[in-house]
Structures are given as structure tokens and as C-alpha cells.
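K.L.:
Provided herewith is a single structure, encoded as C-alpha cells, for subsequent inquiry.
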4 protein chains.
Amino acid sequence: MLTAQLLLYCPDRPGIIADVTGFITVNRGNIVYLDQHVDHVENIFFMRTDWQLTDFLIPRDKINDYFETLYARKYNMSFKLYFSDIKPRMAIFVSKMSHCLYDMLARYTAGEWNVEIPLIISNHENLRHVADRFGIPFHFLPVTPETKAQQEERACGLLQQERIDFIVLGRYMQVLSERFIAAYPNKIINIHHSFLPAFVGAKPYHAAFARGVKIIGATSHYVTTELDAGPIIEQDVARITHKDTVDDLIQKGKDLEKIVLSRAVQKHLEHKCLVYKNKTVIFN
Amino acid sequence: MLTAQLLLYCPDRPGIIADVTGFITVNRGNIVYLDQHVDHVENIFFMRTDWQLTDFLIPRDKINDYFETLYARKYNMSFKLYFSDIKPRMAIFVSKMSHCLYDMLARYTAGEWNVEIPLIISNHENLRHVADRFGIPFHFLPVTPETKAQQEERACGLLQQERIDFIVLGRYMQVLSERFIAAYPNKIINIHHSFLPAFVGAKPYHAAFARGVKIIGATSHYVTTELDAGPIIEQDVARITHKDTVDDLIQKGKDLEKIVLSRAVQKHLEHKCLVYKNKTVIFN
Amino acid sequence: MLTAQLLLYCPDRPGIIADVTGFITVNRGNIVYLDQHVDHVENIFFMRTDWQLTDFLIPRDKINDYFETLYARKYNMSFKLYFSDIKPRMAIFVSKMSHCLYDMLARYTAGEWNVEIPLIISNHENLRHVADRFGIPFHFLPVTPETKAQQEERACGLLQQERIDFIVLGRYMQVLSERFIAAYPNKIINIHHSFLPAFVGAKPYHAAFARGVKIIGATSHYVTTELDAGPIIEQDVARITHKDTVDDLIQKGKDLEKIVLSRAVQKHLEHKCLVYKNKTVIFN
Amino acid sequence: MLTAQLLLYCPDRPGIIADVTGFITVNRGNIVYLDQHVDHVENIFFMRTDWQLTDFLIPRDKINDYFETLYARKYNMSFKLYFSDIKPRMAIFVSKMSHCLYDMLARYTAGEWNVEIPLIISNHENLRHVADRFGIPFHFLPVTPETKAQQEERACGLLQQERIDFIVLGRYMQVLSERFIAAYPNKIINIHHSFLPAFVGAKPYHAAFARGVKIIGATSHYVTTELDAGPIIEQDVARITHKDTVDDLIQKGKDLEKIVLSRAVQKHLEHKCLVYKNKTVIFN
């Protein structure tokens with residue numbers, strides 16, 4: 001059933017919910033989901049609502065304009081409108097480790113995700129065989145300090161050519177340039193192999209082992225220019241003991257990483273993530 | 001800040017949210033919380049909303065009538081209205097184990113809960129010293145098959161005398177009569193020491209040990225006439241291993257039981273539990 | 001580094017650890033792992049130990065005999081001896097759902113598991129494409145009540161031909177015959193999509209939804225002739241809410257199922273599971 | 001049943017387990033627990049074993065000497081010997097929050113812990129009523145920068161007078177001096193209200209809120225002179241969402257803090273914690 005999804009935020013004041021739900025109901029939309037949140041520190045109102053378009057009186061290509069004119073200006077809203085029949089287009093960047101890539105491609109191939117994956121980009125050849133198994137074009141773009149800028153440009157070209165909406169870094173072991181990140185604001189999802197903000201940067205499992213923690217974690221977040229400091233989408237943890245070596249942590253961490261990353265991608269695909277300043281509102 | 005909480009459910013149809021939020025907004029209530037849920041199997045709409053009463057145009061003692069007349073009849077709603085300055089009155093029933101009782105009284109004494117606890121009832125004398133430490137009247141009502149009906153009547157008398165709103169069974173090891181349960185529908189909260197529906201009935205830790213499970217659990221639920229089968233409010237689990245004896249399970253289970261029970265009591269106190277048929281909607 | 005793994009159990013009595021570790025040490029084996037467990041209810045002693053064979057004085061093909069003669073008879077032990085350079089051979093049975101299969105094949109292809117997977121058997125054609133992607137022979141053995149006995153015989157033939165050591169049922173939706181199960185005692189690993197013993201049998205997610213639980217689970221166990229009642233190897237759970245539909249449970253359950261099954265397979269591969277009566281000792 | 005517990009560590013080399021278990025068995029001790037661990041990075045062997053003393057041939061007051069002479073020197077071991085009939089003596093330091101204190105005293109009063117708690121020390125009067133409820137002497141030692149050294153000296157005097165074995169900081173909001181810490185090496189257990197090493201220092205819940213994490217944690221550790229950096233004994237976490245305010249985090253964190261701290265105290269009481277460099281081996 002065709003639905004529209006509306007995500008919005010604006011300064012909080014009375015009447016927003018009544019106004020927005022009134023707009024949908026008066027125009028014969030049937031609301032099937034509504035959740036809202038008020039951040040009382042920032043005084044910001046957040047809302048997500050879904051409604052069925054079957055009998056909706058406003059043509060779908062006019063909804064955005066109408067809503068902008070009638071409500072967004074009145075409340076000084078930022079908003080996004082999505083339709084359930086539009087498939088987002090996603091690119092995957094990988095390096096050498098296959099667990100996140102396999103997990104995403106298994107979901108994709110099984111039809112679990114409403115997404116298109118037209119390309120995989122890697123700075124190593126190691127995972128070409130995985131892309132081949134799933135019949136997805138694989139682009140090898142090796143990166144050195146000298147070629148980095150040029151290779152990012154090539155990547156950008158491929159992304160534009162394939163009309164990519166968002167990027168998933170499935171253990172891509174390169175830091176992206178500010179320029180590249182700026183081109184995809186809140187549209188690059190990374191998985192960091194620690195419970196952020198603990199163990200920022202390289203080799204977090206080695207650091208966790210050295211510190212003697214009893215629990216390890218993984219964190220998916222939107223990439224910003226500050227390393228491992230972007231808005232967190234999802235985290236999870238696993239218990240370890242003194243018996244676990246660094247290799248055990250790496251091994252156990254793989255299951256965390258792939259599940260946490262895939263959950264974040266799914267939330268993004270379902271348009272359930274709203275970013276405000278450096279934090280996320282994740283609707284359920 | 002004084003707020004009203006409205007919990008409701010009714011057959012789902014378009015316009016309810018717009019109508020209810022319109023009612024609040026038009027009368028100058030500021031909505032500070034709203035969550036809704038549609039059960040598409042039962043076709044029932046559930047909603048909870050909080051609003052500030054400071055400038056609300058309808059006097060608080062009239063809100064119930066107005067809402068009944070204007071909306072509840074129109075939508076065939078069941079609803080409950082609460083005010084944040086009314087403290088619910090809670091009775092605790094216990095037997096011999098102290099962990100749940102201590103956990104609740106510690107929260108109560110620390111002022112964490114918006115509640116009055118005017119009495120504790122027990123079929124054993126063992127925990128009188130705990131009630132005494134916290135200065136709460138303790139009523140010893142020993143139960144035998146012969147005296148059970150009579151003792152329940154005495155308990156009912158005490159509950160009425162103290163205008164008790166709801167009852168918490170903190171490891172009370174007696175099955176209550178149908179008549180008693182009928183007098184407090186969805187107002188008796190029990191903690192069962194297993195992950196229901198596994199291990200219904202007596203000695204669940206012994207059963208869990210015999211089955212060789214790797215995880216144990218605890219379940220808080222509203223008491224209904226069918227044993228351990230009422231609407232579940234909250235559950236949690238803990239990992240165990242083959243090294244754990246039955247005594248270890250009992251010991252580890254205590255932490256689960258007290259936390260799960262206290263979480264359920266808190267949800268109930270915050271008016272965040274809605275029961276429909278044999279299931280709960282737990283607002284967050 | 002080549003190691004031997006010894007798993008044993010016997011009636012508990014003093015001196016076993018000293019004797020067994022003495023045997024290894026005197027013959028210049030370096031113990032790199034030792035864990036033991038005493039079941040005081042059954043009065044059974046369990047032990048697992050690994051030692052390096054580099055300087056071990058007893059030839060590897062004689063160790064079993066020596067240990068049998070010197071210790072197993074003395075203590076009335078059951079024991080198994082494994083060597084780290086022997087790869088177990090594993091068959092996978094599937095039906096229509098791909099998530100467990102992909103998860104196992106991803107680990108296998110990435111070299112995470114010390115195993116050979118020479119064949120996949122299915123009662124449906126749906127997952128042939130997955131087997132093909134990974135280059136593993138896929139045998140389609142459709143099952144009807146009439147052909148069941150005959151198809152099991154064909155399966156047995158294939159398993160023998162490929163010298164299969166153990167079988168993993170990756171959401172294989174057929175009940176195996178007693179005869180088949182008897183041929184692979186504690187060598188068939190199943191994943192059941194509930195937190196056993198809750199929701200035995202078909203459609204556990206529907207049952208979980210109907211009961212209104214707040215947590216769902218998955219259980220991997222060795223298959224015995226009683227349905228879903230074999231020794232439990234591993235369990236895990238995930239939190240759900242009233243918002244989750246049956247389809248949501250099925251979807252969320254998939255991640256649980258695949259991780260729980262793969263963990264069980266890994267424990268089995270590492271020779272860390274010991275079955276006694278209907279329970280497991282899982283060494284870590 | 002009277003048992004001895006032996007905890008030891010030493011440079012790893014072959015034969016230690018055989019030697020130690022031989023010593024116990026030859027002298028007619030029945031081993032009821034044994035676990036060992038080899039840290040292959042540091043090349044250190046760790047071991048804990050329990051044995052029944054009923055028929056043990058060596059008098060209990062000689063065991064330490066014999067073991068020192070026969071094995072500790074040979075293997076260059078550090079070791080500690082405990083007897084199950086000796087109750088450790090524990091002091092609790094608190095400030096204003098009662099949840100950890102109540103949780104520990106509830107366990108103590110219920111007889112769950114093999115411990116004596118002869119005194120509570122606080123820099124505030126707020127929790128005197130809790131100590132009074134449980135009949136435990138409460139010492140009010142207010143601390144200012146000027147009086148700190150002097151008050152620590154008074155505390156030390158009380159601890160010595162009561163022959164205190166170890167100290168638990170139940171949300172004691174003062175940093176102890178190096179001198180004080182040096183007097184109780186690996187004998188001061190603290191609870192930090194974050195998932196260390198994330199959010200070291202003051203106001204971790206405020207920091208967690210600001211960072212937008214999806215999970216909060218608590219960490220119990222032995223106090224060392226570096227703030228919040230001592231050997232970790234136990235950690236646990238709880239899921240939060242964007243809806244949780246700082247006050248919600250503080251509230252939800254309390255349950256984590258008290259359970260994590262009590263688990264750590266229990267492990268310490270059971271002599272299951274071994275500290276090496278800045279990490280713990282926690283036997284189970």
C-alpha cells in the first residue's frame with residue numbers, strides 16, 4: 001500500500017501535531033504511524049508520520065509544495081517527504097574484511113531491504129570475488145596519499161553516474177576527505193568497531209584488550225569531518241572475559257559490527273533517522 | 001508542572017489523533033508527550049498523551065465529562081484520565097524473600113516513585129523486620145487452605161480502609177482467589193521467576209536447571225485468574241552456564257526479579273501501561 | 001601449532017585432574033587450556049584440556065590407546081580425542097530461508113571456521129542459487145509423507161559418501177525420523193526460532209505475538225527424537241515491543257537465529273561441547 | 001563444608017597444574033573447583049582452585065608455609081590462600097545517593113554475603129538514616145580541601161580499629177589521596193557511572209547525553225591513583241533512546257550501578273578476582 005513518510009523538526013510550540021494531523025486527515029489521508037519527540041534542552045520538536053495515499057486529495061507531486069507553503073513556513077520547519085515506492089540507491093565501500101559486505105548482500109538478495117545496490121567500491125581487490133558472487137559491479141580504486149584526491153574524484157563520478165543516495169562504509173579503512181564528506185551530509189554510514197566514544201581511531205580491539213574491559217561494542221554513525229565523532233545511529237555490545245585474546249575480540253566483534261551496521265542501514269532505508277546538531281532521533 | 005495524562009483505545013478509524021490533539025490545543029493545553037499505536041490485527045487504536053494544565057481552559061474536574069461527551073462516544077473509546085499531582089496508593093504482599101521488598105522500599109524512601117505505600121501484607125512473619133526498618137505497617141495474615149477465604153477478606157478490608165489503588169506481589173507465594181483478582185482487574189502486579197511462558201508454576205529455577213537452558217528470566221505481569229498467564233508488562237534475562245547450580249540460578253534470579261518488578265511498578269505508576277485483551281501496550 | 005584436545009567425563013572422585021595433567025606433563029606435553037566442571041547433582045566430573053604435541057613423547061596415533069588403558073578404565077571415563085589439524089566435514093540442510101545459510105557460508109568462505117562443507121541438501125529448490133554462488137554442491141531432495149523414508153535414505157547415502165561428521169539444520173523445516181537421528185547422535189545441530197522451552201513446535205513467532213512477550217529468542221540444540229527437546233548449546237534473545245507485528249518478529253528473529261546457530265556450530269567445531277544426559281557442558 | 005581457596009600467578013611453564021593438583025590430591029584434599037588461564041602476551045599463568053579440607057593431611061595453619069616452600073619458590077609464584085570460614089570485613093563509603101548502599105545492605109541483611117560490615121563512612125549526613133535502619137555505625141567525616149588529609153587519617157584510624165579488609169565506594173564523590181589508596185592496594189572497589197573508558201571523570205551521564213550514545217553503562221573497578229583507570233572487575237550496560245533526558249539516564253543508571261557494584265563486591269568476597277598489572281582475571 002502506497003504511503004508517504006514525513007519527517008520534520010522545528011522550534012517547539014503548541015499546536016504542531018494538531019495542525020499536521022489535521023492537514024492529513026482533512027485531505028483524507030489515513031495516518032498509520034505517528035511518533036513525536038520534544039528535545040526540551042534545545043526546545044526542538046521532532047515528528048515522523050506515515051499516511052496512506054490511496055484516497056489522499058492532494059496529488060503526490062504537489063504535497064511537498066503544499067506542506068511547505070501551509071505549515072513549514074508557519075512553524076519554521078525543516079522537513080523531508082518520502083514515498084514508499086521509491087527505492088533508495090546505495091553504494092558500499094569496503095577494504096579487506098568481508099563480514100559486513102556479506103551480511104548486507106545476503107539481506108539485499110533475500111529482498112529484505114527496499115534498496116538498490118548498483119556498485120561496490122574498494123581500495124583493495126580482496127573482496128571482488130564477493131561482489132562477483134552477487135553480480136554487483138566492483139570498482140577497484142586503490143588509494144595512496146598521492147592518489148587519494150584523484151581516486152575520491154573517480155568515486156564521486158561513479159556515485160553520480162549511478163545516482164547514489166547514500167553510502168555505507170562496510171569496514172572501509174580509509175578516512176574520507178572533508179570535501180567528499182561535505183558532498184554527502186548525513187548520507188555516509190560508517191561502522192566503528194568499538195563502543196564509541198571509547199576507543200576512537202585505529203585498532204580499538206587492541207586498545208580494549210589493553211584496558212581490560214569486560215564488554216566490547218560496535219557503533220554505527222553518520223560520518224562527519226571529525227573522526228568517529230558523527231551522530232550515532234545504533235550501538236550494541238558483547239560480553240568478553242580475560243580469556244579472550246585480541247584475535248578473539250576481533251572475531252567476536254565481527255558479529256557485532258555486521259548486525260549493528262545492518263540495523264543502521266535499515267533504519268536509514270526506512271527513513272527513521274533524523275539528525276539534529278550532532279545527535280540522532282531514531283523513530284521505531 | 002501539573003499535567004494531565006490521557007490513555008485511550010478504540011476501534012481504529014481516520015481522524016482520531018487530529019481530533020484529540022485539536023481538543024487539547026484549542027483549549028490551550030501544551031502537549032508534552034504523545035505516542036500512539038495501531039494494532040492492525042485487532043484494528044484497535046491506542047494512544048497516550050500528556051499536556052500541561054497551566055493555561056488549559058477546561059477546569060480539571062470537568063475534563064473527563066467533556067472528553068466523554070465530545071470524543072469518547074463518537075469513537076467508542078475506553079479512556080482513563082490521570083493528573084500528575086495525584087499519588088497512587090500501593091500495597092505490597094510478600095512471603096519470605098526480601099529482595100523485591102527492599103528494592104521497592106529503597107526507591108520509595110529515596111523519593112524515586114510518585115506513590116504512597118501505606119501497608120505491607122504477608123503470610124509469614126519473616127519480613128516484619130524490613131517493614132519496621134522503613135516504618136511501614138506490616139499485617140501478618142497467615143494462610144492455610146481453611147483460612148484462605150477469610151484471610152483474603154481481611155486483606156480486602158485493609159486495602160479498602162487504606163484506599164489502595166493497586167497491589168504488588170513481591171514474591172508472594174500464594175495463589176489469589178478469582179474473587180480477589182476480580183476486585184482488582186489489571187491492578188495486581190506479580191513477578192514470576194521465569195521467562196514466561198517457559199516454566200509456568202512452581203519451582204521454575206529447578207525446571208530451568210533440569211532443562212539445561214543457557215539463559216534465565218523473570219516476568220512481571222498483571223494477575224488474571226489463569227496462573228502466570230496474565231498480560232506481560234516487562235521481562236528480562238540473564239546468561240547462565242552449566243556451572244550454575246539451582247542455588248546459583250535462584251541467587252542470580254533475584255537481581256532479575258527485583259529489577260523487572262520495579263520497572264513494571266514504575267511503568268504502572270507513570271500510567272504507561274494499557275491492557276487490551278491479554279496483552280499490554282507499554283508507552284515509553 | 002599442532003594441539004590435541006581431550007574431552008572426558010566420568011564419575012567424580014579425587015585425583016583425576018592430577019592424574020590427567022600428570023600424564024600430559026610427564027610426556028612433555030605443554031597444557032595450553034584446561035577447564036573442568038563437577039556436576040554435584042549427578043556426581044559427574046567433566047574436563048577439557050588442550051596440549052601442544054610438538055615435544056609430546058607418545059606418537060599421536062597411540063595417544064588414544066594409552067589414555068584408554070592407563071586412565072579411562074581406571075576412572076570409568078567416556079572420552080574423545082581430537083587433533084587440531086583434522087578438519088571436520090559438515091553438511092547443511094535448508095528449506096527456503098537463506099539467512100542462516102548465508103551466515104555460515106560467509107564464515108566458511110572467509111576462512112573463519114576449521115571445516116569442510118562438501119554439500120547442501122534441501123527439500124526445496126529456492127536456495128540453489130546461494131549454493132551456486134559459493135560453489136557448493138546442492139542436492140534437491142523434495143519430501144512428501146510418501147517419499148520421506150526414501151529421501152532420508154538418499155540423504156544418508158550422500159552423507160556417507162562425503163564422510164560427513166555432523167549436520168547443521170539451517171531452518172530445515174522437516175522433522176527427521178528417529179532412525180536418521182539415531183545415526184547421528186549429538187551430531188545434528190538445529191536452530192529453533194524461540195527461547196526454548198517456550199513455544200515448542202511450529203510457528204513460534206505467531207505464538208510469541210499472541211502471548212504478548214516482551215523478548216523473543218532463538219535456541220540451538222542437538223536434535224533428539226523428542227521435538228525441540230534436545231540438549232541446548234546456545235540461546236540468545238532480543239527485546240521487542242507491542243509495536244512489533246508477527247512479520248517484525250520474524251524479521252528481527254532472523255538475526256538472532258543466524259548468530260545463535262553459527263555460535264553453536266563454532267563451539268561444536270572447536271570441540272567445546274560435551275553432552276551428558278540431556279544437557280550440555282560448553283567449555284569457553 | 002570447609003574449603004581452602006588458592007589463587008596464584010607466575011611465569012608460565014609446563015607442569016604447574018600437575019604439580020599443584022598433585023600436592024592437593026596426595027595430601028587427600030578433594031578438589032571441588034579449578035580454573036586456570038594463560039596470558040600468552042605476558043606469558044603469565046593464573047590459577048584458582050578450591051579443595052575440601054576435611055581429610056587434608058596438612059594442618060590449615062601450615063598450608064601456606066608448605067606451599068610457599070614447595071611450589072611458590074620453584075615457580076616464582078605470587079599466591080594467596082583463603083579459608084571459607086573466615087568472613088572478610090568491609091567498610092562502605094557513601095555520599096548522598098542511597099541506591100548502592102541499600103542494595104548492599106539488603107544483601108548483607110538477607111545473609112547473601114559472607115561478610116561483616118562494621119561501619120559506614122560518609123562526607124554527608126544524608127544517609128545516616130539508612131545506616132540507622134540497618135543498625136550499622138555511621139561516621140560523618142565531612143571533607144573540605146583543608147580538612148581532607150586529616151579526615152582521611154581519621155578514616156584510616158576507624159578502618160584499622162575495625163580491622164577492615166577492603167573498602168567499597170558506593171557512589172562516594174571524593175577522590176582519595178594517593179597515600180590512602182596505597183594503603184589498600186586492590187582493596188578499594190569503586191563504581192563509576194559510565195562504560196569506562198568512555199566518560200572518565202565527573203558528570204558522565206551529562207557527557208553521554210551530549211554525545212548522543214544509544215547505550216549507557218556502569219563500571220566497577222579497583223581504585224588506583226589514576227582516576228577511573230584501575231583494573232575493571234565488572235561492567236554492564238542498558239539501552240537508551242533519544243527520548244531519555246539526563247535525568248532519565250541518571251535514573252536508569254542507578255539500577256546498573258547498584259547491580260554492577262554488588263556483583264563486583266560478590267566476586268571479591270568469593271576470592272575470584274586476581275589482579276595482574278592493570279587488568280583482572282575474574283574466575284567464574
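Residue numbers start at 1 in each chain; chains themselves are named A, B, ... in the order of the C-alpha cells; ligands are numbered from 1 in the order shown.
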Should the cut-off be 9 Å, what would the residue list for chain B against chain D look like, counting only C-alpha atoms, as a ChimeraX atom specification?
P.N.:
/B:97-99,102-103,106-107,110,112,130,132-134,243,251,255,259,284
K.L.:
Can you list, as a ChimeraX atom specification, every protein, DNA or RNA residue that comes within 7 Å of Ala91 (chain A) when you count only C-alpha atoms, leaving out same-chain residues fewer than 6 positions away?
P.N.:
/A:117-120,164,166-168
K.L.:
Which residues in region 160-263 of chain A does DSSP call strand (DSSP E or B)? List them as an mmCIF file with N, CA and C atoms, in the first residue's frame.
P.N.:
```cif
data_model
loop_
_atom_site.group_PDB
_atom_site.id
_atom_site.type_symbol
_atom_site.label_atom_id
_atom_site.label_comp_id
_atom_site.auth_asym_id
_atom_site.auth_seq_id
_atom_site.Cartn_x
_atom_site.Cartn_y
_atom_site.Cartn_z
ATOM 1 N N PHE A 166 22.923 7.277 -0.874
ATOM 2 C CA PHE A 166 23.721 7.237 0.354
ATOM 3 C C PHE A 166 24.757 6.124 0.273
ATOM 4 N N ILE A 167 25.756 6.255 1.140
ATOM 5 C CA ILE A 167 26.938 5.392 1.088
ATOM 6 C C ILE A 167 27.087 4.650 2.415
ATOM 7 N N VAL A 168 27.441 3.380 2.332
ATOM 8 C CA VAL A 168 27.705 2.605 3.544
ATOM 9 C C VAL A 168 29.160 2.159 3.539
ATOM 10 N N LEU A 169 29.873 2.503 4.604
ATOM 11 C CA LEU A 169 31.265 2.070 4.734
ATOM 12 C C LEU A 169 31.294 0.782 5.548
ATOM 13 N N ILE A 188 26.447 9.270 4.746
ATOM 14 C CA ILE A 188 27.506 8.249 4.771
ATOM 15 C C ILE A 188 27.418 7.554 6.131
ATOM 16 N N ILE A 189 27.149 6.262 6.102
ATOM 17 C CA ILE A 189 27.013 5.489 7.342
ATOM 18 C C ILE A 189 28.271 4.660 7.541
ATOM 19 N N ASN A 190 28.905 4.799 8.682
ATOM 20 C CA ASN A 190 30.117 4.042 8.992
ATOM 21 C C ASN A 190 29.849 3.082 10.151
ATOM 22 N N ILE A 191 30.644 2.024 10.201
ATOM 23 C CA ILE A 191 30.643 1.162 11.389
ATOM 24 C C ILE A 191 32.008 1.280 12.053
ATOM 25 N N HIS A 192 31.991 1.674 13.321
ATOM 26 C CA HIS A 192 33.264 1.723 14.057
ATOM 27 C C HIS A 192 33.286 0.561 15.036
ATOM 28 N N ILE A 215 33.429 -5.766 28.340
ATOM 29 C CA ILE A 215 32.398 -5.694 27.300
ATOM 30 C C ILE A 215 32.994 -4.947 26.111
ATOM 31 N N ILE A 216 32.772 -5.473 24.907
ATOM 32 C CA ILE A 216 33.179 -4.732 23.703
ATOM 33 C C ILE A 216 31.934 -4.266 22.964
ATOM 34 N N GLY A 217 32.114 -3.352 22.030
ATOM 35 C CA GLY A 217 30.948 -2.824 21.336
ATOM 36 C C GLY A 217 31.239 -2.455 19.902
ATOM 37 N N ALA A 218 30.174 -2.059 19.218
ATOM 38 C CA ALA A 218 30.297 -1.532 17.858
ATOM 39 C C ALA A 218 29.300 -0.391 17.725
ATOM 40 N N THR A 219 29.636 0.566 16.885
ATOM 41 C CA THR A 219 28.850 1.799 16.764
ATOM 42 C C THR A 219 28.681 2.169 15.296
ATOM 43 N N SER A 220 27.446 2.331 14.853
ATOM 44 C CA SER A 220 27.237 2.872 13.504
ATOM 45 C C SER A 220 26.846 4.336 13.637
ATOM 46 N N HIS A 221 27.402 5.144 12.760
ATOM 47 C CA HIS A 221 27.166 6.597 12.859
ATOM 48 C C HIS A 221 27.274 7.231 11.489
ATOM 49 N N TYR A 222 26.678 8.414 11.383
ATOM 50 C CA TYR A 222 26.878 9.196 10.175
ATOM 51 C C TYR A 222 28.263 9.818 10.230
ATOM 52 N N ILE A 232 25.434 9.226 16.284
ATOM 53 C CA ILE A 232 25.339 7.775 16.463
ATOM 54 C C ILE A 232 23.942 7.292 16.085
ATOM 55 N N ILE A 233 23.884 6.265 15.253
ATOM 56 C CA ILE A 233 22.600 5.680 14.847
ATOM 57 C C ILE A 233 22.271 4.477 15.719
ATOM 58 N N GLU A 234 23.248 3.594 15.919
ATOM 59 C CA GLU A 234 22.977 2.359 16.637
ATOM 60 C C GLU A 234 24.265 1.848 17.272
ATOM 61 N N GLN A 235 24.113 1.207 18.439
ATOM 62 C CA GLN A 235 25.255 0.592 19.121
ATOM 63 C C GLN A 235 24.809 -0.732 19.699
ATOM 64 N N ASP A 236 25.744 -1.623 19.842
ATOM 65 C CA ASP A 236 25.464 -2.846 20.601
ATOM 66 C C ASP A 236 26.764 -3.360 21.191
ATOM 67 N N VAL A 237 26.642 -4.271 22.120
ATOM 68 C CA VAL A 237 27.806 -4.736 22.875
ATOM 69 C C VAL A 237 27.782 -6.253 23.032
ATOM 70 N N ALA A 238 28.927 -6.808 23.406
ATOM 71 C CA ALA A 238 29.023 -8.238 23.718
ATOM 72 C C ALA A 238 29.969 -8.407 24.899
ATOM 73 N N ARG A 239 29.662 -9.351 25.728
ATOM 74 C CA ARG A 239 30.449 -9.609 26.923
ATOM 75 C C ARG A 239 31.714 -10.397 26.549
#
```
K.L.:
Quick one: distance from CA of Asp50 (chain B) to CA of Ser262 (chain B) in Å, one decimal?
P.N.:
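One can read the CA of Asp50 (chain B) to CA of Ser262 (chain B) distance as 22.8 Å.
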K.L.:
Work out how far apart CA of Ala149 (chain B) and CA of Pro204 (chain B) are and give it in Å to one decimal.
P.N.:
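CA of Pro204 (chain B) lies 26.8 Å from CA of Ala149 (chain B).
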K.L.:
Please identify all polymer residues within 6 Å of Ser122 (chain A), counting only C-alpha atoms, omitting same-chain residues fewer than 6 positions from it, and present them as a PyMOL selection string.
P.N.:
chain A and resi 93-95+140-141
K.L.:
If we count only C-alpha atoms, what is near Gln36 (chain B) at a cut-off of 9 Å, once residues fewer than 2 positions away on the same chain are taken out, given as number ranges by chain?
P.N.:
A: 33-35; B: 17, 34, 38, 45-49, 283
K.L.:
May I have the selected residues written with C-alpha atoms, as an mmCIF file, in the first residue's frame?
P.N.:
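again-v5.cif written:
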```cif
data_model
loop_
_atom_site.group_PDB
_atom_site.id
_atom_site.type_symbol
_atom_site.label_atom_id
_atom_site.label_comp_id
_atom_site.auth_asym_id
_atom_site.auth_seq_id
_atom_site.Cartn_x
_atom_site.Cartn_y
_atom_site.Cartn_z
ATOM 1 C CA TYR A 33 2.207 5.828 12.087
ATOM 2 C CA LEU A 34 2.961 8.846 14.201
ATOM 3 C CA ASP A 35 5.694 9.458 16.689
ATOM 4 C CA ILE B 17 -5.260 11.923 16.514
ATOM 5 C CA LEU B 34 2.151 11.817 22.528
ATOM 6 C CA VAL B 38 -2.432 0.757 15.915
ATOM 7 C CA PHE B 45 -6.120 2.357 18.051
ATOM 8 C CA PHE B 46 -4.186 3.108 21.266
ATOM 9 C CA MET B 47 -2.941 6.488 22.401
ATOM 10 C CA ARG B 48 -1.292 8.201 25.353
ATOM 11 C CA THR B 49 -0.846 11.924 25.603
ATOM 12 C CA PHE B 283 4.335 3.511 26.249
#
```
K.L.:
Please measure the separation of CA of Ile31 (chain D) and CA of Ile44 (chain D), giving the value in Å to one decimal.
P.N.:
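If I compute the distance from CA of Ile31 (chain D) to CA of Ile44 (chain D), I get 22.7 Å.
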